[in-house]
>>> print(open('data06.cif').read())   # mmCIF, C-alpha atoms
data_data
#
loop_
_atom_site.group_PDB
_atom_site.id
_atom_site.type_symbol
_atom_site.label_atom_id
_atom_site.label_comp_id
_atom_site.auth_asym_id
_atom_site.auth_seq_id
_atom_site.Cartn_x
_atom_site.Cartn_y
_atom_site.Cartn_z
ATOM 1 C CA MET A 1 0.000 0.000 0.000
ATOM 2 C CA GLU A 2 2.893 2.387 0.802
ATOM 3 C CA LYS A 3 4.039 2.192 -2.800
ATOM 4 C CA TYR A 4 1.130 4.403 -3.901
ATOM 5 C CA THR A 5 1.041 8.171 -3.445
ATOM 6 C CA VAL A 6 -2.036 10.337 -3.905
ATOM 7 C CA ARG A 7 -2.343 14.030 -4.652
ATOM 8 C CA LYS A 8 -5.000 16.495 -5.717
ATOM 9 C CA TYR A 9 -5.444 17.361 -9.394
ATOM 10 C CA THR A 10 -4.149 20.728 -10.576
ATOM 11 C CA SER A 11 -4.475 22.470 -13.927
ATOM 12 C CA GLU A 12 -0.893 21.411 -14.736
ATOM 13 C CA ASP A 13 -2.169 17.785 -14.833
ATOM 14 C CA PHE A 14 -4.659 18.525 -17.650
ATOM 15 C CA ALA A 15 -2.829 16.696 -20.450
ATOM 16 C CA LEU A 16 -1.637 13.880 -18.172
ATOM 17 C CA TRP A 17 -5.177 13.271 -16.917
ATOM 18 C CA ASN A 18 -6.752 13.238 -20.367
ATOM 19 C CA ALA A 19 -4.114 10.902 -21.793
ATOM 20 C CA PHE A 20 -4.720 8.463 -18.935
ATOM 21 C CA VAL A 21 -8.504 8.575 -19.242
ATOM 22 C CA ALA A 22 -8.270 7.927 -22.987
ATOM 23 C CA LYS A 23 -6.617 4.543 -22.424
ATOM 24 C CA ALA A 24 -8.377 3.541 -19.190
ATOM 25 C CA LYS A 25 -10.691 0.537 -19.141
ATOM 26 C CA ASN A 26 -13.510 2.188 -17.179
ATOM 27 C CA ALA A 27 -13.793 5.739 -18.507
ATOM 28 C CA THR A 28 -15.809 7.671 -21.078
ATOM 29 C CA PHE A 29 -15.532 11.157 -22.553
ATOM 30 C CA LEU A 30 -17.351 12.501 -19.494
ATOM 31 C CA PHE A 31 -14.100 12.033 -17.539
ATOM 32 C CA ASN A 32 -12.122 14.165 -19.991
ATOM 33 C CA ARG A 33 -11.222 17.471 -18.340
ATOM 34 C CA ASN A 34 -12.760 19.350 -21.291
ATOM 35 C CA PHE A 35 -16.092 17.898 -20.204
ATOM 36 C CA MET A 36 -15.592 17.960 -16.430
ATOM 37 C CA GLU A 37 -14.589 21.585 -16.293
ATOM 38 C CA TYR A 38 -17.501 23.151 -18.173
ATOM 39 C CA HIS A 39 -19.291 23.644 -14.840
ATOM 40 C CA ASN A 40 -16.374 24.525 -12.567
ATOM 41 C CA ASP A 41 -18.429 27.424 -11.250
ATOM 42 C CA ARG A 42 -20.882 24.967 -9.683
ATOM 43 C CA PHE A 43 -18.489 22.438 -8.159
ATOM 44 C CA THR A 44 -15.259 22.639 -6.185
ATOM 45 C CA ASP A 45 -13.079 20.129 -7.962
ATOM 46 C CA PHE A 46 -11.147 17.748 -5.734
ATOM 47 C CA SER A 47 -10.138 15.089 -8.235
ATOM 48 C CA LEU A 48 -7.282 12.812 -7.242
ATOM 49 C CA LEU A 49 -4.333 11.194 -9.003
ATOM 50 C CA VAL A 50 -2.639 8.018 -7.762
ATOM 51 C CA PHE A 51 1.001 7.281 -8.594
ATOM 52 C CA GLU A 52 3.251 4.263 -8.275
ATOM 53 C CA ASP A 53 6.631 5.947 -8.066
ATOM 54 C CA LYS A 54 6.276 8.475 -10.903
ATOM 55 C CA LYS A 55 3.803 6.457 -12.969
ATOM 56 C CA LEU A 56 0.139 7.486 -12.943
ATOM 57 C CA VAL A 57 -1.924 4.353 -12.180
ATOM 58 C CA ALA A 58 -5.387 5.714 -11.287
ATOM 59 C CA VAL A 59 -7.525 8.843 -11.224
ATOM 60 C CA PHE A 60 -10.645 9.665 -9.239
ATOM 61 C CA PRO A 61 -12.978 12.350 -10.690
ATOM 62 C CA ALA A 62 -14.347 14.076 -7.590
ATOM 63 C CA ASN A 63 -15.500 17.278 -5.964
ATOM 64 C CA ARG A 64 -15.635 18.685 -2.465
ATOM 65 C CA ALA A 65 -18.924 19.441 -0.705
ATOM 66 C CA GLY A 66 -18.093 20.652 2.799
ATOM 67 C CA GLU A 67 -16.581 17.745 4.711
ATOM 68 C CA GLU A 68 -17.633 15.226 2.033
ATOM 69 C CA LEU A 69 -15.743 13.943 -1.004
ATOM 70 C CA HIS A 70 -18.040 12.969 -3.874
ATOM 71 C CA SER A 71 -17.671 11.073 -7.101
ATOM 72 C CA HIS A 72 -18.029 14.176 -9.220
ATOM 73 C CA GLN A 73 -21.590 15.397 -8.760
ATOM 74 C CA GLY A 74 -21.608 16.971 -12.200
ATOM 75 C CA LEU A 75 -21.186 13.585 -13.898
ATOM 76 C CA SER A 76 -23.627 10.727 -14.406
ATOM 77 C CA TYR A 77 -21.202 8.149 -13.032
ATOM 78 C CA GLY A 78 -17.741 7.916 -11.508
ATOM 79 C CA GLY A 79 -15.369 5.765 -9.508
ATOM 80 C CA VAL A 80 -11.664 5.031 -9.491
ATOM 81 C CA VAL A 81 -10.410 4.896 -13.082
ATOM 82 C CA VAL A 82 -7.636 2.418 -13.951
ATOM 83 C CA GLU A 83 -5.990 0.686 -16.887
ATOM 84 C CA ASN A 84 -6.915 -2.868 -17.824
ATOM 85 C CA SER A 85 -3.558 -4.155 -16.531
ATOM 86 C CA VAL A 86 -4.431 -3.362 -12.904
ATOM 87 C CA LYS A 87 -5.118 -6.545 -10.906
ATOM 88 C CA ILE A 88 -7.663 -6.868 -8.098
ATOM 89 C CA GLN A 89 -5.181 -6.674 -5.209
ATOM 90 C CA GLU A 90 -3.539 -3.658 -6.793
ATOM 91 C CA PHE A 91 -6.949 -2.003 -7.065
ATOM 92 C CA ILE A 92 -7.666 -2.728 -3.396
ATOM 93 C CA ASP A 93 -4.365 -1.103 -2.433
ATOM 94 C CA ILE A 94 -4.975 1.861 -4.726
ATOM 95 C CA PHE A 95 -8.398 2.438 -3.208
ATOM 96 C CA GLU A 96 -6.974 2.190 0.304
ATOM 97 C CA ALA A 97 -4.408 4.850 -0.601
ATOM 98 C CA VAL A 98 -7.239 7.075 -1.867
ATOM 99 C CA CYS A 99 -9.149 6.572 1.377
ATOM 100 C CA LEU A 100 -6.138 7.371 3.544
ATOM 101 C CA TYR A 101 -5.566 10.596 1.623
ATOM 102 C CA ALA A 102 -9.260 11.504 1.682
ATOM 103 C CA LYS A 103 -9.364 10.915 5.442
ATOM 104 C CA LEU A 104 -6.962 13.824 5.911
ATOM 105 C CA HIS A 105 -9.533 16.204 4.414
ATOM 106 C CA PHE A 106 -12.993 14.637 4.720
ATOM 107 C CA LYS A 107 -15.275 12.631 6.982
ATOM 108 C CA LYS A 108 -17.178 10.775 4.255
ATOM 109 C CA MET A 109 -16.874 9.652 0.646
ATOM 110 C CA PHE A 110 -19.766 9.217 -1.746
ATOM 111 C CA LEU A 111 -19.256 7.040 -4.804
ATOM 112 C CA LYS A 112 -21.454 6.553 -7.858
ATOM 113 C CA VAL A 113 -20.604 3.375 -9.719
ATOM 114 C CA LEU A 114 -19.974 3.280 -13.456
ATOM 115 C CA PRO A 115 -22.663 1.012 -14.993
ATOM 116 C CA ALA A 116 -21.046 -2.116 -16.419
ATOM 117 C CA ILE A 117 -22.008 -1.374 -20.032
ATOM 118 C CA TYR A 118 -19.771 1.720 -20.097
ATOM 119 C CA SER A 119 -16.552 -0.178 -19.353
ATOM 120 C CA LYS A 120 -14.274 -1.498 -22.077
ATOM 121 C CA HIS A 121 -13.524 -4.548 -19.890
ATOM 122 C CA PHE A 122 -15.039 -6.054 -16.738
ATOM 123 C CA SER A 123 -14.395 -3.606 -13.904
ATOM 124 C CA ASP A 124 -16.334 -4.506 -10.775
ATOM 125 C CA GLU A 125 -13.295 -4.051 -8.530
ATOM 126 C CA LEU A 126 -14.879 -0.962 -6.980
ATOM 127 C CA LEU A 127 -18.010 -2.878 -5.973
ATOM 128 C CA TYR A 128 -15.860 -5.529 -4.343
ATOM 129 C CA VAL A 129 -13.689 -3.114 -2.382
ATOM 130 C CA LEU A 130 -16.748 -1.167 -1.207
ATOM 131 C CA PHE A 131 -18.128 -4.456 0.089
ATOM 132 C CA LEU A 132 -14.847 -5.118 1.929
ATOM 133 C CA LYS A 133 -14.992 -1.675 3.535
ATOM 134 C CA ASN A 134 -18.638 -2.053 4.589
ATOM 135 C CA ALA A 135 -19.776 0.919 2.507
ATOM 136 C CA GLU A 136 -23.502 1.637 2.706
ATOM 137 C CA LEU A 137 -25.657 1.328 -0.402
ATOM 138 C CA ILE A 138 -27.711 4.532 -0.323
ATOM 139 C CA ARG A 139 -29.275 4.599 -3.786
ATOM 140 C CA ARG A 140 -29.981 2.217 -6.640
ATOM 141 C CA ASP A 141 -31.317 3.446 -9.987
ATOM 142 C CA THR A 142 -32.832 1.267 -12.678
ATOM 143 C CA LEU A 143 -31.431 1.916 -16.147
ATOM 144 C CA PHE A 144 -33.296 0.490 -19.127
ATOM 145 C CA VAL A 145 -30.923 -0.890 -21.739
ATOM 146 C CA LEU A 146 -31.235 -2.564 -25.116
ATOM 147 C CA ASP A 147 -28.532 -5.141 -25.900
ATOM 148 C CA ASN A 148 -28.115 -5.243 -29.652
ATOM 149 C CA GLN A 149 -26.503 -8.686 -29.485
ATOM 150 C CA VAL A 150 -29.768 -10.110 -28.151
ATOM 151 C CA GLU A 151 -32.948 -10.186 -30.189
ATOM 152 C CA SER A 152 -35.731 -8.234 -28.510
ATOM 153 C CA ASP A 153 -39.410 -7.874 -29.290
ATOM 154 C CA ILE A 154 -41.103 -4.524 -29.643
ATOM 155 C CA SER A 155 -44.659 -4.419 -28.340
ATOM 156 C CA LYS A 156 -47.782 -4.012 -30.477
ATOM 157 C CA LYS A 157 -48.448 -0.684 -28.772
ATOM 158 C CA ARG A 158 -45.064 0.692 -29.838
ATOM 159 C CA LYS A 159 -45.564 -0.552 -33.402
ATOM 160 C CA TYR A 160 -48.940 1.184 -33.459
ATOM 161 C CA GLU A 161 -47.388 4.469 -32.317
ATOM 162 C CA ILE A 162 -44.558 4.179 -34.847
ATOM 163 C CA LYS A 163 -47.135 3.702 -37.612
ATOM 164 C CA LYS A 164 -48.699 6.998 -36.547
ATOM 165 C CA GLY A 165 -45.427 8.725 -37.239
ATOM 166 C CA GLU A 166 -45.202 7.133 -40.646
ATOM 167 C CA LYS A 167 -48.806 8.064 -41.398
ATOM 168 C CA HIS A 168 -48.179 11.708 -40.490
ATOM 169 C CA ASN A 169 -45.001 11.843 -42.596
ATOM 170 C CA LEU A 170 -42.806 12.886 -39.690
ATOM 171 C CA GLU A 171 -39.284 13.949 -40.606
ATOM 172 C CA ILE A 172 -36.207 13.217 -38.459
ATOM 173 C CA ARG A 173 -33.310 15.637 -38.755
ATOM 174 C CA GLU A 174 -29.858 15.213 -37.256
ATOM 175 C CA THR A 175 -28.577 18.676 -36.425
ATOM 176 C CA THR A 176 -25.715 20.510 -34.770
ATOM 177 C CA ASP A 177 -28.061 23.306 -33.689
ATOM 178 C CA PHE A 178 -29.577 22.546 -30.279
ATOM 179 C CA SER A 179 -31.563 25.774 -30.063
ATOM 180 C CA ALA A 180 -34.918 24.601 -31.425
ATOM 181 C CA PHE A 181 -35.068 21.556 -29.171
ATOM 182 C CA TRP A 182 -33.940 23.461 -26.058
ATOM 183 C CA ASN A 183 -36.107 26.528 -26.531
ATOM 184 C CA GLU A 184 -39.258 25.062 -28.074
ATOM 185 C CA ILE A 185 -39.425 21.599 -26.491
ATOM 186 C CA LEU A 186 -37.071 20.770 -23.619
ATOM 187 C CA ILE A 187 -37.178 23.898 -21.465
ATOM 188 C CA PRO A 188 -40.973 24.437 -21.740
ATOM 189 C CA VAL A 189 -41.787 20.753 -21.115
ATOM 190 C CA LEU A 190 -39.499 20.405 -18.087
ATOM 191 C CA HIS A 191 -40.913 23.605 -16.609
ATOM 192 C CA GLU A 192 -44.524 22.596 -17.197
ATOM 193 C CA LYS A 193 -44.267 18.997 -16.013
ATOM 194 C CA HIS A 194 -41.589 19.136 -13.326
ATOM 195 C CA GLN A 195 -40.931 22.823 -12.588
ATOM 196 C CA ALA A 196 -37.336 22.025 -13.517
ATOM 197 C CA LYS A 197 -34.618 23.067 -15.948
ATOM 198 C CA PRO A 198 -32.230 20.969 -18.049
ATOM 199 C CA VAL A 199 -28.997 20.109 -16.252
ATOM 200 C CA HIS A 200 -27.145 21.732 -19.172
ATOM 201 C CA SER A 201 -28.046 25.206 -20.355
ATOM 202 C CA LEU A 202 -28.238 25.798 -24.097
ATOM 203 C CA ASP A 203 -24.864 27.552 -24.056
ATOM 204 C CA GLU A 204 -23.319 24.669 -22.103
ATOM 205 C CA ILE A 205 -24.566 21.945 -24.433
ATOM 206 C CA LYS A 206 -23.341 23.978 -27.417
ATOM 207 C CA LEU A 207 -19.923 24.298 -25.784
ATOM 208 C CA LEU A 208 -19.737 20.588 -24.974
ATOM 209 C CA HIS A 209 -20.807 19.656 -28.487
ATOM 210 C CA SER A 210 -18.070 21.866 -29.917
ATOM 211 C CA ARG A 211 -15.561 19.943 -27.778
ATOM 212 C CA PHE A 212 -17.041 16.489 -28.370
ATOM 213 C CA PRO A 213 -18.832 16.557 -31.746
ATOM 214 C CA ASP A 214 -18.554 12.784 -32.198
ATOM 215 C CA ASN A 215 -20.018 12.053 -28.760
ATOM 216 C CA ILE A 216 -22.928 14.477 -28.448
ATOM 217 C CA LYS A 217 -25.684 14.186 -31.055
ATOM 218 C CA GLN A 218 -29.007 15.928 -31.569
ATOM 219 C CA PHE A 219 -31.994 14.498 -33.454
ATOM 220 C CA ASP A 220 -35.210 16.475 -33.936
ATOM 221 C CA VAL A 221 -38.624 15.418 -35.262
ATOM 222 C CA TYR A 222 -40.597 17.736 -37.531
ATOM 223 C CA PHE A 223 -44.267 17.729 -38.506
ATOM 224 C CA GLU A 224 -45.233 20.084 -41.316
ATOM 225 C CA ASP A 225 -41.855 21.810 -40.885
ATOM 226 C CA LYS A 226 -42.366 22.466 -37.149
ATOM 227 C CA ILE A 227 -40.344 20.764 -34.426
ATOM 228 C CA VAL A 228 -42.523 18.441 -32.328
ATOM 229 C CA ALA A 229 -39.969 16.245 -30.516
ATOM 230 C CA GLY A 230 -36.285 15.602 -30.097
ATOM 231 C CA THR A 231 -33.543 13.865 -28.183
ATOM 232 C CA THR A 232 -29.947 14.559 -27.201
ATOM 233 C CA LEU A 233 -27.645 11.532 -27.240
ATOM 234 C CA PHE A 234 -24.340 10.949 -25.477
ATOM 235 C CA VAL A 235 -22.411 8.381 -27.522
ATOM 236 C CA THR A 236 -19.538 6.421 -25.967
ATOM 237 C CA GLU A 237 -17.464 3.481 -27.144
ATOM 238 C CA ASN A 238 -20.093 0.831 -26.362
ATOM 239 C CA VAL A 239 -23.239 2.818 -25.599
ATOM 240 C CA VAL A 240 -25.746 5.267 -27.025
ATOM 241 C CA HIS A 241 -27.379 7.051 -24.088
ATOM 242 C CA SER A 242 -30.545 9.180 -24.106
ATOM 243 C CA GLN A 243 -29.435 12.253 -22.176
ATOM 244 C CA TYR A 244 -32.557 14.314 -22.950
ATOM 245 C CA ILE A 245 -35.865 13.522 -24.582
ATOM 246 C CA GLY A 246 -38.951 15.649 -25.076
ATOM 247 C CA SER A 247 -42.008 16.303 -27.223
ATOM 248 C CA ASP A 248 -44.827 18.790 -27.543
ATOM 249 C CA TRP A 249 -48.470 18.199 -26.703
ATOM 250 C CA GLN A 250 -49.076 16.316 -29.979
ATOM 251 C CA ARG A 251 -47.045 13.257 -28.905
ATOM 252 C CA SER A 252 -50.057 10.940 -28.541
ATOM 253 C CA LYS A 253 -51.556 12.159 -31.808
ATOM 254 C CA LEU A 254 -48.377 11.913 -33.908
ATOM 255 C CA GLY A 255 -46.419 9.090 -32.252
ATOM 256 C CA SER A 256 -43.408 11.391 -32.526
ATOM 257 C CA VAL A 257 -41.196 9.979 -29.746
ATOM 258 C CA ASP A 258 -41.856 6.333 -30.642
ATOM 259 C CA PHE A 259 -41.141 7.112 -34.292
ATOM 260 C CA LEU A 260 -37.875 8.815 -33.323
ATOM 261 C CA TYR A 261 -36.656 6.042 -31.033
ATOM 262 C CA ASP A 262 -37.491 3.304 -33.494
ATOM 263 C CA PHE A 263 -35.310 5.163 -35.994
ATOM 264 C CA LEU A 264 -32.435 5.662 -33.530
ATOM 265 C CA ILE A 265 -32.432 2.099 -32.202
ATOM 266 C CA LYS A 266 -32.199 0.790 -35.764
ATOM 267 C CA LYS A 267 -29.600 3.402 -36.751
ATOM 268 C CA TYR A 268 -27.177 2.453 -33.986
ATOM 269 C CA ALA A 269 -27.909 -1.288 -33.813
ATOM 270 C CA LEU A 270 -24.810 -2.224 -35.825
ATOM 271 C CA GLU A 271 -22.560 0.540 -34.460
ATOM 272 C CA LYS A 272 -22.963 0.200 -30.690
ATOM 273 C CA ARG A 273 -23.771 -2.802 -28.549
ATOM 274 C CA PHE A 274 -25.995 -1.015 -26.025
ATOM 275 C CA PHE A 275 -28.738 1.607 -26.176
ATOM 276 C CA ASP A 276 -29.216 3.094 -22.711
ATOM 277 C CA MET A 277 -32.646 4.690 -22.454
ATOM 278 C CA GLY A 278 -31.820 6.045 -19.004
ATOM 279 C CA ALA A 279 -33.158 5.730 -15.477
ATOM 280 C CA SER A 280 -36.801 5.857 -14.401
ATOM 281 C CA ASN A 281 -36.550 6.610 -10.692
ATOM 282 C CA LYS A 282 -36.831 9.269 -8.050
ATOM 283 C CA ASP A 283 -36.438 9.323 -4.255
ATOM 284 C CA ASN A 284 -32.921 7.847 -4.487
ATOM 285 C CA GLY A 285 -34.234 4.917 -6.491
ATOM 286 C CA LYS A 286 -37.010 4.028 -4.050
ATOM 287 C CA THR A 287 -39.783 5.104 -6.424
ATOM 288 C CA LEU A 288 -40.132 3.657 -9.911
ATOM 289 C CA ASN A 289 -41.836 5.649 -12.650
ATOM 290 C CA GLU A 290 -43.931 2.716 -13.848
ATOM 291 C CA GLY A 291 -45.258 4.382 -16.989
ATOM 292 C CA LEU A 292 -41.832 5.466 -18.176
ATOM 293 C CA ALA A 293 -40.331 2.081 -17.323
ATOM 294 C CA TYR A 294 -43.096 0.326 -19.275
ATOM 295 C CA TRP A 295 -42.521 2.563 -22.306
ATOM 296 C CA LYS A 296 -38.817 1.679 -22.375
ATOM 297 C CA GLU A 297 -39.431 -2.022 -21.753
ATOM 298 C CA SER A 298 -41.933 -2.147 -24.592
ATOM 299 C CA PHE A 299 -39.075 -1.304 -26.953
ATOM 300 C CA GLY A 300 -37.256 -4.359 -25.592
ATOM 301 C CA ALA A 301 -35.087 -2.607 -23.001
ATOM 302 C CA ARG A 302 -34.305 -4.481 -19.791
ATOM 303 C CA THR A 303 -33.107 -3.448 -16.345
ATOM 304 C CA LEU A 304 -29.532 -2.685 -15.352
ATOM 305 C CA VAL A 305 -28.890 -1.081 -11.966
ATOM 306 C CA GLN A 306 -26.528 1.720 -11.027
ATOM 307 C CA ASP A 307 -25.454 1.830 -7.385
ATOM 308 C CA PHE A 308 -24.448 4.735 -5.137
ATOM 309 C CA TYR A 309 -22.485 4.284 -1.888
ATOM 310 C CA GLU A 310 -21.565 6.201 1.238
ATOM 311 C CA LEU A 311 -18.288 5.377 2.996
ATOM 312 C CA GLU A 312 -17.312 6.623 6.455
ATOM 313 C CA LEU A 313 -13.671 7.662 6.585
#
>>> encode(input="data06.cif", output="structure tokens")
Amino acid sequence: MEKYTVRKYTSEDFALWNAFVAKAKNATFLFNRNFMEYHNDRFTDFSLLVFEDKKLVAVFPANRAGEELHSHQGLSYGGVVVENSVKIQEFIDIFEAVCLYAKLHFKKMFLKVLPAIYSKHFSDELLYVLFLKNAELIRRDTLFVLDNQVESDISKKRKYEIKKGEKHNLEIRETTDFSAFWNEILIPVLHEKHQAKPVHSLDEIKLLHSRFPDNIKQFDVYFEDKIVAGTTLFVTENVVHSQYIGSDWQRSKLGSVDFLYDFLIKKYALEKRFFDMGASNKDNGKTLNEGLAYWKESFGARTLVQDFYELEL
């Protein structure tokens, strides 16, 4: 354990961090500093680097919140990022070094686990070490995922809704302009239904797209040349993920969202193994949105869980 040293990330580590994340087995573009730092005004970064002698062997995307160290709260997932060559005992020792360092500054750690589909190789070492350290499971979300290597049946209801879209001659447009979807669909719908705002502002999603044009995609649905629905996708090595989805009041009449997702599932079926339609929970996973879960399952998606842990230091 003494062979590992831990220190806090600084701006001088920018290139080193990004080069490591690019070759890690359990990282996506969300861990690139160009993504992590778009919202530095909202989070106090406290990311960590772990070295064996002078060699970087792990990073931990994280932020400070008072006396707590969190898997970065501005990211969908996190954990200790390593290369595929790291063995289980090495990971245990690396994590212990992280905990010993964190203990000097914090009372608790909160970790959000990277869902298995986002890893390039099996990487459940974090779950095992959290078990060894008696970490408390405090949240479990249900993600609904299509595996394109397994044949899945789409329900009659979904087929009926897709036919509506065909009947109404809906048009799907891939675009690099997020304005129409944000201003005419996403922001109004979130405000009306949930009194909420998108996690990313329009300016932020434009900035992120400019930095990651191959990873962030926008598809809009038009009826008679007017936008009626859309979705924003985050595309990683193995996964297409629905980051945002929305439609206007004509959804049930036009079948716009079903039409769009049928198109996208087919489009990416040969390019990516998994299509992650996202979580359907609230109350830290205790409450399931049954209607939303049913809609995703009727496309053939099935449940994968994402776990969140609290660890006393």
>>> resolve_selection(input="data06.cif", expression="the PyMOL selection byres ((chain A and resi 120) around 6)", output="list in words")
Lys25, Ser119 and His121 of chain A
>>> atom_distance(input="data06.cif", atom1="CA of Ala196 (chain A)", atom2="CA of Ile227 (chain A)")
21.2 Å
>>> closest_atom_pairs(input="data06.cif", of="region 198-265 of chain A", to="region 149-157 of chain A", cutoff="12 Å", atoms="only C-alpha atoms", output="JSON lines")
{"residue": "A:Asn238", "atom": "CA", "partner": "A:Gln149", "partner_atom": "CA", "distance": 11.9}
{"residue": "A:Ser252", "atom": "CA", "partner": "A:Lys157", "partner_atom": "CA", "distance": 11.7}
{"residue": "A:Gly255", "atom": "CA", "partner": "A:Lys157", "partner_atom": "CA", "distance": 10.6}
{"residue": "A:Asp258", "atom": "CA", "partner": "A:Lys157", "partner_atom": "CA", "distance": 9.8}
{"residue": "A:Tyr261", "atom": "CA", "partner": "A:Ile154", "partner_atom": "CA", "distance": 11.5}
{"residue": "A:Asp262", "atom": "CA", "partner": "A:Ile154", "partner_atom": "CA", "distance": 9.4}
{"residue": "A:Ile265", "atom": "CA", "partner": "A:Ile154", "partner_atom": "CA", "distance": 11.2}
>>> atom_distance(input="data06.cif", atom1="CA of Lys286 (chain A)", atom2="CA of Gln73 (chain A)")
19.7 Å
>>> resolve_selection(input="data06.cif", expression="the PyMOL selection byres ((chain A and resi 99) around 12)", output="PyMOL selection string")
chain A and resi 1+4-7+48+50+60+69+80+92-98+100-111+129-130+133+311-313
>>> resolve_selection(input="data06.cif", expression="the PyMOL selection byres ((chain A and resi 57) around 9)", output="PDB file with C-alpha atoms, in the frame of the given file")
ATOM      1  CA  TYR A   4       1.130   4.403  -3.901  1.00  0.00           C
ATOM      2  CA  PHE A  20      -4.720   8.463 -18.935  1.00  0.00           C
ATOM      3  CA  LEU A  49      -4.333  11.194  -9.003  1.00  0.00           C
ATOM      4  CA  VAL A  50      -2.639   8.018  -7.762  1.00  0.00           C
ATOM      5  CA  PHE A  51       1.001   7.281  -8.594  1.00  0.00           C
ATOM      6  CA  GLU A  52       3.251   4.263  -8.275  1.00  0.00           C
ATOM      7  CA  LYS A  55       3.803   6.457 -12.969  1.00  0.00           C
ATOM      8  CA  LEU A  56       0.139   7.486 -12.943  1.00  0.00           C
ATOM      9  CA  ALA A  58      -5.387   5.714 -11.287  1.00  0.00           C
ATOM     10  CA  VAL A  59      -7.525   8.843 -11.224  1.00  0.00           C
ATOM     11  CA  VAL A  81     -10.410   4.896 -13.082  1.00  0.00           C
ATOM     12  CA  VAL A  82      -7.636   2.418 -13.951  1.00  0.00           C
ATOM     13  CA  GLU A  83      -5.990   0.686 -16.887  1.00  0.00           C
ATOM     14  CA  VAL A  86      -4.431  -3.362 -12.904  1.00  0.00           C
ATOM     15  CA  ILE A  94      -4.975   1.861  -4.726  1.00  0.00           C
TER      16      ILE A  94
END
>>> atom_distance(input="data06.cif", atom1="CA of Leu146 (chain A)", atom2="CA of Asn26 (chain A)")
20.0 Å
>>> residues_around(input="data06.cif", residues="Ala229 (chain A)", least_positions_apart="2", cutoff="7 Å", atoms="all atoms listed in the file", output="number ranges by chain")
A: 185, 220-221, 227, 246-248, 256-257
>>> write_last_selection(input="data06.cif", atoms="C-alpha atoms", output="compact mmCIF listing (two decimals), in the coordinates of the input")
# COMPACT_ATOMS: atom_id res chain seq x y z
CA ILE A 185 -39.42 21.60 -26.49
CA ASP A 220 -35.21 16.48 -33.94
CA VAL A 221 -38.62 15.42 -35.26
CA ILE A 227 -40.34 20.76 -34.43
CA GLY A 246 -38.95 15.65 -25.08
CA SER A 247 -42.01 16.30 -27.22
CA ASP A 248 -44.83 18.79 -27.54
CA SER A 256 -43.41 11.39 -32.53
CA VAL A 257 -41.20 9.98 -29.75
>>> residues_around(input="data06.cif", residues="Arg64 (chain A)", least_positions_apart="4", cutoff="8 Å", atoms="all atoms listed in the file", output="MDAnalysis selection string")
chainID A and resid 43:46 68:70
>>> closest_residue(input="data06.cif", among="A:Tyr118, A:Tyr38, A:Tyr9, A:Phe219", to="Phe274 (chain A)", atoms="all atoms listed in the file")
A:Tyr118
>>> residues_near_point(input="data06.cif", point="(-19.0, 17.3, -31.1)", cutoff="12 Å", atoms="all atoms listed in the file", output="JSON, numbers by chain")
{"A": [29, 34, 35, 175, 176, 177, 178, 205, 206, 207, 208, 209, 210, 211, 212, 213, 214, 215, 216, 217, 218, 232, 233, 234, 235]}
>>> residues_around(input="data06.cif", residues="Ser11 (chain A)", least_positions_apart="4", cutoff="12 Å", atoms="only C-alpha atoms", output="tab-separated table (two decimals) with C-alpha atoms, keeping the file's coordinate frame")
chain	number	residue	atom	x	y	z
A	15	ALA	CA	-2.83	16.70	-20.45
A	16	LEU	CA	-1.64	13.88	-18.17
A	17	TRP	CA	-5.18	13.27	-16.92
A	18	ASN	CA	-6.75	13.24	-20.37
A	33	ARG	CA	-11.22	17.47	-18.34
A	34	ASN	CA	-12.76	19.35	-21.29
A	37	GLU	CA	-14.59	21.58	-16.29
A	45	ASP	CA	-13.08	20.13	-7.96
A	46	PHE	CA	-11.15	17.75	-5.73
A	47	SER	CA	-10.14	15.09	-8.24
>>> residues_near_point(input="data06.cif", point="(-32.9, 2.4, -34.7)", cutoff="12 Å", atoms="all atoms listed in the file", output="PyMOL selection string")
chain A and resi 146+148+154+162+172+240+258-272+274-275+299
>>> closest_residue(input="data06.cif", among="A:Tyr128, A:Phe144, A:Phe122, A:Trp249", to="Leu292 (chain A)", atoms="all atoms listed in the file")
A:Phe144
>>> closest_residue(input="data06.cif", among="A:Val113, A:Phe181, A:Asp225, A:Arg273", to="Asn169 (chain A)", atoms="only C-alpha atoms")
A:Asp225
>>> residues_around(input="data06.cif", residues="Gly78 (chain A)", least_positions_apart="6", cutoff="6 Å", atoms="all atoms listed in the file", output="compact mmCIF listing (two decimals) with C-alpha atoms, in the coordinates of the input")
# COMPACT_ATOMS: atom_id res chain seq x y z
CA SER A 71 -17.67 11.07 -7.10
CA LYS A 112 -21.45 6.55 -7.86
CA VAL A 113 -20.60 3.38 -9.72
CA LEU A 114 -19.97 3.28 -13.46
>>> closest_residue(input="data06.cif", among="A:Pro198, A:Leu143, A:Leu126, A:Pro188", to="Ala301 (chain A)", atoms="all atoms listed in the file")
A:Leu143
>>> axis_aligned_box(input="data06.cif", around="region 158-166 of chain A", padding_each_side="5 Å", output="JSON")
{"center_x": -46.7, "center_y": 4.1, "center_z": -35.2, "size_x": 14.4, "size_y": 19.3, "size_z": 20.8}
